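Text of the file coords01.cif, holding mmCIF, C-alpha atoms:
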```cif
data_start
loop_
_atom_site.label_atom_id
_atom_site.label_comp_id
_atom_site.auth_asym_id
_atom_site.auth_seq_id
_atom_site.Cartn_x
_atom_site.Cartn_y
_atom_site.Cartn_z
CA MET A 1 -40.39 22.81 5.60
CA LEU A 2 -40.84 19.15 4.60
CA SER A 3 -42.97 18.23 1.64
CA ASN A 4 -45.69 15.59 1.88
CA CYS A 5 -43.43 13.13 0.04
CA SER A 6 -40.59 13.71 2.51
CA ARG A 7 -42.92 13.24 5.50
CA PHE A 8 -44.13 9.96 3.99
CA LEU A 9 -40.62 8.64 3.47
CA LEU A 10 -39.47 9.58 6.96
CA SER A 11 -42.54 8.18 8.68
CA ASN A 12 -42.21 4.83 6.90
CA ALA A 13 -38.45 4.68 7.28
CA THR A 14 -38.73 4.81 11.07
CA LYS A 15 -40.78 1.59 10.92
CA CYS A 16 -38.20 -0.24 8.79
CA ALA A 17 -34.84 -1.20 10.25
CA GLY A 18 -33.38 -1.65 6.79
CA CYS A 19 -34.46 1.84 5.74
CA GLN A 20 -32.96 3.42 8.88
CA ARG A 21 -29.56 2.21 7.76
CA PHE A 22 -29.83 4.37 4.63
CA LEU A 23 -30.94 7.42 6.65
CA HIS A 24 -28.07 7.10 9.13
CA THR A 25 -25.63 9.96 8.60
CA SER A 26 -22.95 9.35 11.24
CA PRO A 27 -19.30 9.39 10.09
CA ARG A 28 -18.93 5.74 11.08
CA SER A 29 -21.51 4.62 8.52
CA PHE A 30 -19.67 6.28 5.64
CA ALA A 31 -16.25 5.17 6.91
CA GLU A 32 -17.21 1.48 6.61
CA THR A 33 -18.39 1.77 3.02
CA THR A 34 -16.28 -0.32 0.64
CA GLN A 35 -15.93 0.57 -3.04
CA ASN A 36 -15.51 -2.34 -5.40
CA ILE A 37 -12.96 -0.75 -7.73
CA PHE A 38 -10.85 -3.68 -8.89
CA ASP A 39 -11.87 -6.81 -10.75
CA ARG A 40 -10.19 -9.55 -8.74
CA ARG A 41 -10.99 -12.21 -11.32
CA ALA A 42 -9.28 -10.14 -14.02
CA LYS A 43 -6.28 -9.70 -11.74
CA LEU A 44 -6.11 -13.48 -11.21
CA ILE A 45 -6.12 -14.04 -14.98
CA GLN A 46 -3.38 -11.44 -15.45
CA ASN A 47 -1.22 -13.12 -12.80
CA GLU A 48 -1.74 -16.57 -14.27
CA ARG A 49 -0.78 -15.35 -17.74
CA ALA A 50 2.35 -13.72 -16.35
CA ALA A 51 3.24 -16.89 -14.41
CA ILE A 52 3.40 -19.05 -17.56
CA ASN A 53 5.55 -16.57 -19.47
CA PRO A 54 8.92 -18.26 -20.20
CA ASP A 55 10.63 -14.87 -19.76
CA LEU A 56 9.05 -14.27 -16.36
CA ASP A 57 12.42 -13.75 -14.65
CA ASN A 58 13.07 -10.72 -16.88
CA TYR A 59 10.19 -8.85 -15.25
CA ASP A 60 11.16 -9.51 -11.62
CA PHE A 61 13.56 -6.59 -11.30
CA LEU A 62 11.25 -4.15 -9.51
CA LYS A 63 9.45 -6.48 -7.12
CA GLU A 64 12.67 -8.37 -6.45
CA GLU A 65 14.36 -5.13 -5.37
CA ILE A 66 11.47 -3.98 -3.16
CA GLY A 67 11.16 -7.44 -1.62
CA TYR A 68 14.85 -7.37 -0.74
CA ARG A 69 14.54 -3.93 0.86
CA LEU A 70 11.49 -5.08 2.81
CA SER A 71 13.22 -8.18 4.15
CA ASP A 72 16.20 -6.01 5.09
CA ARG A 73 13.90 -3.86 7.22
CA LEU A 74 12.75 -7.01 8.97
CA LEU A 75 16.36 -7.76 9.86
CA ASP A 76 16.56 -4.38 11.57
CA VAL A 77 14.19 -5.68 14.27
CA SER A 78 16.52 -7.23 16.84
CA ARG A 79 14.57 -10.38 17.62
CA LYS A 80 13.58 -13.64 15.96
CA PHE A 81 10.01 -14.09 14.73
CA ASP A 82 8.79 -17.67 15.17
CA VAL A 83 5.72 -17.35 12.92
CA ALA A 84 5.63 -15.12 9.83
CA VAL A 85 2.94 -14.57 7.18
CA ASP A 86 3.54 -12.98 3.78
CA VAL A 87 0.29 -11.61 2.30
CA GLY A 88 0.29 -11.26 -1.50
CA SER A 89 3.50 -13.25 -1.68
CA GLY A 90 3.57 -13.62 -5.48
CA ARG A 91 6.82 -15.28 -6.52
CA GLY A 92 8.22 -14.96 -3.02
CA TRP A 93 9.43 -11.38 -3.31
CA VAL A 94 9.99 -11.32 0.48
CA THR A 95 10.17 -14.99 1.46
CA ARG A 96 13.13 -15.73 -0.82
CA HIS A 97 15.23 -13.27 1.21
CA LEU A 98 14.27 -14.38 4.73
CA THR A 99 16.92 -16.04 6.86
CA GLU A 100 16.63 -18.68 9.57
CA HIS A 101 18.11 -16.47 12.26
CA SER A 102 15.28 -13.91 11.81
CA VAL A 103 12.23 -16.11 11.00
CA GLY A 104 11.28 -19.58 12.22
CA ARG A 105 8.58 -20.52 9.70
CA VAL A 106 6.64 -18.56 7.09
CA THR A 107 3.30 -18.93 5.32
CA ALA A 108 2.98 -17.40 1.85
CA ILE A 109 -0.52 -16.37 0.72
CA ASP A 110 -1.40 -15.29 -2.82
CA LEU A 111 -4.33 -15.09 -5.19
CA SER A 112 -2.48 -16.85 -8.02
CA PRO A 113 -1.45 -20.51 -7.77
CA GLY A 114 0.81 -20.07 -10.79
CA MET A 115 2.79 -17.32 -9.09
CA LEU A 116 3.20 -19.33 -5.88
CA ASP A 117 4.30 -22.43 -7.77
CA SER A 118 6.96 -20.46 -9.65
CA ALA A 119 8.42 -18.93 -6.47
CA PRO A 120 11.97 -20.13 -5.75
CA ASP A 121 12.71 -21.76 -2.40
CA GLY A 122 14.49 -19.60 0.12
CA GLU A 123 16.50 -20.36 3.22
CA VAL A 124 13.24 -20.57 5.18
CA LYS A 125 10.87 -23.05 3.51
CA ALA A 126 7.42 -21.51 3.06
CA GLU A 127 4.02 -23.11 3.36
CA ARG A 128 1.91 -21.87 0.44
CA ILE A 129 -1.81 -21.04 0.58
CA VAL A 130 -3.86 -19.98 -2.44
CA MET A 131 -6.67 -17.63 -1.43
CA ASP A 132 -8.15 -14.22 -2.16
CA VAL A 133 -7.61 -12.09 0.93
CA ASP A 134 -9.91 -9.33 -0.36
CA GLY A 135 -12.95 -9.40 1.94
CA ALA A 136 -11.99 -12.75 3.51
CA ASP A 137 -10.87 -13.88 6.97
CA LEU A 138 -7.23 -14.87 7.22
CA PRO A 139 -6.86 -18.59 8.07
CA PHE A 140 -5.11 -18.01 11.39
CA ASN A 141 -6.21 -17.92 15.01
CA ASP A 142 -6.29 -14.71 17.00
CA ALA A 143 -2.90 -13.55 18.28
CA SER A 144 -1.01 -16.42 16.58
CA VAL A 145 1.43 -14.62 14.23
CA ASP A 146 4.58 -12.68 15.12
CA VAL A 147 5.09 -10.72 11.90
CA VAL A 148 3.07 -10.03 8.74
CA THR A 149 4.72 -8.75 5.56
CA SER A 150 3.33 -7.63 2.22
CA CYS A 151 5.18 -6.50 -0.90
CA LEU A 152 3.51 -4.57 -3.73
CA SER A 153 0.21 -6.45 -3.73
CA MET A 154 -2.24 -4.53 -1.56
CA HIS A 155 -2.86 -1.77 -4.11
CA TRP A 156 -5.19 -4.24 -5.89
CA VAL A 157 -7.30 -4.95 -2.77
CA ASN A 158 -10.78 -3.40 -2.63
CA ASP A 159 -11.40 -3.72 1.12
CA LEU A 160 -8.12 -2.59 2.65
CA PRO A 161 -9.65 -1.61 6.03
CA ARG A 162 -10.97 -5.15 6.54
CA LEU A 163 -7.65 -6.70 5.53
CA PHE A 164 -5.71 -4.44 7.90
CA ARG A 165 -8.11 -5.34 10.73
CA GLU A 166 -7.61 -9.03 9.96
CA ILE A 167 -3.85 -8.60 10.11
CA HIS A 168 -4.19 -6.82 13.44
CA ARG A 169 -6.38 -9.69 14.70
CA VAL A 170 -3.93 -12.48 13.86
CA LEU A 171 -0.87 -10.65 15.20
CA LYS A 172 0.34 -11.39 18.69
CA PRO A 173 0.67 -8.50 21.14
CA ASP A 174 3.83 -6.61 20.20
CA GLY A 175 3.66 -8.21 16.73
CA VAL A 176 4.70 -6.14 13.72
CA PHE A 177 3.20 -5.44 10.30
CA ILE A 178 5.78 -4.45 7.65
CA GLY A 179 4.80 -3.72 4.08
CA ALA A 180 5.34 -1.85 0.84
CA MET A 181 2.76 -0.48 -1.58
CA PHE A 182 2.75 1.60 -4.75
CA GLY A 183 2.01 5.27 -3.99
CA GLY A 184 -0.08 7.91 -5.71
CA ASP A 185 2.64 9.24 -8.04
CA THR A 186 3.36 5.83 -9.55
CA LEU A 187 3.32 5.93 -13.37
CA MET A 188 2.11 9.54 -13.31
CA GLU A 189 3.97 10.22 -16.60
CA LEU A 190 2.14 7.37 -18.32
CA ARG A 191 -1.19 8.43 -16.86
CA VAL A 192 -0.87 12.03 -18.06
CA SER A 193 0.41 11.06 -21.52
CA LEU A 194 -2.42 8.62 -22.17
CA GLN A 195 -5.05 11.09 -20.99
CA LEU A 196 -3.74 13.90 -23.19
CA ALA A 197 -3.39 11.57 -26.18
CA GLU A 198 -6.95 10.30 -25.91
CA LEU A 199 -8.29 13.81 -25.43
CA GLU A 200 -6.55 14.85 -28.62
CA ARG A 201 -7.40 11.80 -30.74
CA GLU A 202 -10.76 10.69 -29.37
CA GLY A 203 -12.22 13.73 -27.62
CA GLY A 204 -12.22 12.08 -24.19
CA PHE A 205 -10.20 9.71 -22.04
CA SER A 206 -10.62 6.54 -20.03
CA PRO A 207 -8.57 5.41 -17.01
CA HIS A 208 -5.68 3.22 -18.16
CA VAL A 209 -3.65 3.49 -14.94
CA SER A 210 -5.39 2.30 -11.81
CA PRO A 211 -5.74 4.58 -8.75
CA PHE A 212 -3.19 4.32 -5.96
CA VAL A 213 -3.38 5.12 -2.26
CA GLU A 214 -2.07 8.41 -0.86
CA VAL A 215 0.32 8.47 2.08
CA ARG A 216 -2.14 10.32 4.34
CA ASP A 217 -4.76 7.63 3.68
CA LEU A 218 -2.29 4.87 4.48
CA GLY A 219 -1.39 6.47 7.81
CA SER A 220 -5.06 6.97 8.67
CA LEU A 221 -5.80 3.36 7.76
CA LEU A 222 -3.07 2.02 10.04
CA ASN A 223 -4.30 4.23 12.88
CA ARG A 224 -7.90 3.14 12.45
CA SER A 225 -6.74 -0.48 12.49
CA LYS A 226 -5.25 0.15 15.96
CA PHE A 227 -1.59 -0.13 15.04
CA THR A 228 0.85 1.91 17.12
CA MET A 229 4.36 3.33 16.68
CA ILE A 230 3.63 3.74 12.97
CA THR A 231 6.43 4.72 10.62
CA ILE A 232 5.89 5.50 6.93
CA ASP A 233 8.54 6.57 4.45
CA THR A 234 8.57 7.09 0.70
CA ASP A 235 11.00 6.10 -2.03
CA ASP A 236 10.78 7.13 -5.68
CA LEU A 237 12.33 4.76 -8.19
CA LYS A 238 12.76 5.86 -11.79
CA VAL A 239 13.26 3.34 -14.58
CA GLY A 240 14.33 4.53 -18.04
CA TYR A 241 12.78 3.23 -21.27
CA PRO A 242 13.50 4.05 -24.93
CA THR A 243 9.77 4.35 -25.73
CA ILE A 244 6.42 3.83 -24.06
CA PHE A 245 5.99 0.35 -25.52
CA PRO A 246 8.69 -1.52 -23.50
CA LEU A 247 7.19 0.07 -20.37
CA MET A 248 3.74 -1.32 -21.16
CA ARG A 249 5.30 -4.70 -21.96
CA ASP A 250 7.05 -4.73 -18.55
CA LEU A 251 3.83 -3.83 -16.74
CA LYS A 252 2.06 -6.72 -18.42
CA GLY A 253 4.96 -9.05 -17.62
CA MET A 254 4.79 -8.05 -13.94
CA ALA A 255 0.97 -8.58 -13.98
CA GLU A 256 0.60 -4.89 -13.14
CA ASN A 257 -1.68 -4.03 -16.04
CA ASN A 258 -4.93 -2.31 -15.13
CA SER A 259 -7.72 -4.41 -13.61
CA ALA A 260 -10.18 -1.71 -12.55
CA HIS A 261 -13.81 -2.39 -13.39
CA ASN A 262 -14.06 0.83 -15.41
CA ARG A 263 -10.94 0.16 -17.47
CA LYS A 264 -11.03 0.50 -21.23
CA LEU A 265 -10.28 -2.85 -22.84
CA HIS A 266 -8.87 -1.45 -26.09
CA LEU A 267 -6.40 1.34 -26.71
CA HIS A 268 -6.35 2.69 -30.26
CA ARG A 269 -3.10 2.56 -32.17
CA GLU A 270 -3.19 6.28 -32.99
CA SER A 271 -3.66 7.12 -29.29
CA MET A 272 -0.67 4.97 -28.34
CA PHE A 273 1.64 6.67 -30.83
CA ALA A 274 0.33 10.07 -29.70
CA ALA A 275 0.93 9.12 -26.05
CA ASN A 276 4.50 8.12 -26.88
CA ALA A 277 5.14 11.50 -28.54
CA ILE A 278 3.58 13.41 -25.62
CA TYR A 279 5.54 11.34 -23.10
CA ALA A 280 8.81 12.17 -24.87
CA ASP A 281 7.94 15.86 -25.21
CA LEU A 282 6.97 16.33 -21.55
CA TYR A 283 9.21 13.98 -19.60
CA ALA A 284 12.19 12.81 -21.67
CA ASN A 285 15.60 12.78 -19.99
CA GLU A 286 18.63 14.51 -21.51
CA ASP A 287 19.74 11.25 -23.12
CA GLY A 288 16.31 10.82 -24.74
CA SER A 289 15.11 8.01 -22.47
CA LEU A 290 11.64 8.12 -20.93
CA PRO A 291 11.49 7.94 -17.11
CA ALA A 292 8.80 5.84 -15.43
CA THR A 293 8.23 6.73 -11.78
CA PHE A 294 7.41 4.03 -9.24
CA GLN A 295 6.59 5.61 -5.88
CA ILE A 296 6.89 3.14 -3.01
CA TYR A 297 5.37 3.58 0.45
CA TYR A 298 7.06 1.53 3.17
CA TRP A 299 5.38 1.20 6.53
CA ILE A 300 5.80 -0.51 9.86
CA GLY A 301 3.10 -0.74 12.51
CA TRP A 302 3.00 -2.57 15.82
CA LYS A 303 0.16 -4.25 17.63
CA PRO A 304 0.01 -2.85 21.18
CA GLY A 305 1.74 -4.95 23.82
CA GLN A 306 2.77 -4.64 27.46
CA ASN A 307 6.49 -4.57 26.70
CA GLN A 308 6.34 -1.72 24.20
CA PRO A 309 7.96 1.59 25.17
CA LEU A 310 5.52 4.33 26.08
CA PRO A 311 5.78 7.91 24.81
CA LEU A 312 7.41 10.40 27.19
CA LYS A 313 5.26 12.80 29.11
CA PRO A 314 5.15 16.30 27.59
CA GLN A 315 7.77 18.62 29.05
CA LYS A 316 6.88 21.98 30.57
CA SER A 317 8.86 25.16 30.04
CA ASP A 318 9.38 28.00 32.51
CA ILE A 319 10.05 30.49 29.70
CA SER A 320 7.53 31.59 27.10
CA PHE A 321 8.47 31.93 23.42
CA LYS A 322 7.34 35.53 23.51
CA ASP A 323 10.19 36.26 25.94
CA ILE A 324 12.87 34.63 23.80
CA GLY A 325 14.33 38.02 22.89
CA GLU A 326 15.00 38.75 26.56
CA LEU A 327 16.53 35.37 27.32
CA ASP A 328 19.84 36.86 28.56
CA LYS A 329 18.04 39.05 31.09
CA ILE A 330 15.96 36.14 32.32
CA LEU A 331 19.01 33.92 32.79
CA THR A 332 20.83 36.72 34.63
CA LYS A 333 17.87 37.21 36.93
CA THR A 334 17.01 33.58 37.62
CA GLY A 335 20.48 32.12 37.39
CA THR A 336 21.30 28.64 36.06
CA THR A 337 20.90 25.22 37.59
CA ASP A 338 22.54 21.88 36.93
CA LEU A 339 20.29 19.22 35.45
CA PRO A 340 19.78 16.02 37.42
CA LYS A 341 21.73 13.05 36.08
CA ASP A 342 18.53 11.37 34.88
CA ASP A 343 17.63 14.38 32.69
CA LYS A 344 21.01 14.74 30.98
#
```
Could you show the structure in this file as structure tokens?
Amino acid sequence: MLSNCSRFLLSNATKCAGCQRFLHTSPRSFAETTQNIFDRRAKLIQNERAAINPDLDNYDFLKEEIGYRLSDRLLDVSRKFDVAVDVGSGRGWVTRHLTEHSVGRVTAIDLSPGMLDSAPDGEVKAERIVMDVDGADLPFNDASVDVVTSCLSMHWVNDLPRLFREIHRVLKPDGVFIGAMFGGDTLMELRVSLQLAELEREGGFSPHVSPFVEVRDLGSLLNRSKFTMITIDTDDLKVGYPTIFPLMRDLKGMAENNSAHNRKLHLHRESMFAANAIYADLYANEDGSLPATFQIYYWIGWKPGQNQPLPLKPQKSDISFKDIGELDKILTKTGTTDLPKDDK
């Protein structure tokens, strides 16, 4: 039974279009809700600081490797792409490896002008655009791009569904979206060690490692964005460090330090030493080094087109699985037939 207060709210809400939006309970309403988790301005500052570091090349090892693997997957597609776009290009992790026989021209988009300016020129000269793609429209016409790539940048985007829809919009029919993103198990050793250390030293913990997407969410996101023939695979890379401190230095050098709104700006010295001891106690290798896990999700998704292969029709069987134990009797009774040439 409704209270008088509830009746009042419902009766007035039906007269107000704005209030009806809050009372709507369909799954679609909740699916379109965007959580503003990351501070994009803080991420820009972190990238700009990393870009002016004279030792910047020393921190390229991870993104350089993933960018090479991503460009190699592009070469597996047996056709030339006239127009390519690299979203979150950074220092050209993908564009520096593209070749003229696979890509005609490429546009590199990134949040940080410093990172784009420090990117080396590749075989395919890239046009560079500085913009924040989070919540923005991509500066391309509908169905004007053949391939979109992205390497280790989208885990800092708040509105991934909108960005994926924008990529789908600008792709031509039968265009392809190839990317790589950090997965949920990335830096799980560091996350656990810092949490246990702060619980011990301070009686509570704050998030020092930002959240990452799970593989099931990535697949769902690609499906909801109307991509087809989706393929996702996972690769775990482990990098060894003598202590926790070189790891944190590398993360800062790669501009991968935390930029979540709820991040703690200061980490106490005692907590850091405690985290290093816990890290070594729980995860140390036999040689004493500390492994840092970087889980990478690679994906490829296609925009539907007329020339794409269609899935085969489901096949029917004349024999039930419950009769599998009597298969010899069934074959003796029914005999065998030769398959048509088309079915072999």
Check: What residues come out when you apply the PyMOL selection byres ((chain A and resi 189) around 8) to this file, written as an MDAnalysis selection string?
Finding: chainID A and resid 187:188 190:193 279 283 291:293
Next item on the list: Take atom CA of A:Ile109 and atom CA of A:Ile129 and report the distance between them in Å, one decimal.
Entry: 4.8 Å
Margin query: Just to confirm, what's the straight-line distance from atom CA of A:Ala275 to atom CA of A:Ile296 in Å (one decimal)?
Written below: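 Distance between the two atoms: 24.5 Å.
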Give me, as a Markdown table, each residue of stretch 163-216 of chain A that comes within 9 Å of stretch 221-230 of chain A, together with its shortest interatomic pair and the distance in Å at one decimal, counting all atoms listed in the file, with rows ordered by chain and rising residue number.
```
| residue | atom | partner | partner_atom | distance |
| --- | --- | --- | --- | --- |
| A:Phe164 | CA | A:Ser225 | CA | 6.1 |
| A:Arg165 | CA | A:Ser225 | CA | 5.3 |
| A:Glu166 | CA | A:Ser225 | CA | 9.0 |
| A:Ile167 | CA | A:Ser225 | CA | 8.9 |
| A:His168 | CA | A:Ser225 | CA | 6.9 |
| A:Val176 | CA | A:Phe227 | CA | 8.8 |
| A:Phe177 | CA | A:Phe227 | CA | 8.6 |
| A:Arg216 | CA | A:Leu221 | CA | 8.6 |
```
Checklist line | A:Met272, A:Leu62, A:Leu152, A:Ala197 ranked by distance to A:Phe245, top pick (using only C-alpha atoms) | finding: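 Closest to A:Phe245 of all the choices is A:Met272.
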Which residues of stretch 225-303 of chain A come within 10 Å of stretch 130-148 of chain A, and what is each one's closest atom pair and distance in Å (one decimal), counting all atoms listed in the file, sorted by chain and residue number, as a Markdown table?
```
| residue | atom | partner | partner_atom | distance |
| --- | --- | --- | --- | --- |
| A:Ile300 | CA | A:Val148 | CA | 10.0 |
| A:Trp302 | CA | A:Val147 | CA | 9.3 |
| A:Lys303 | CA | A:Ala143 | CA | 9.8 |
```
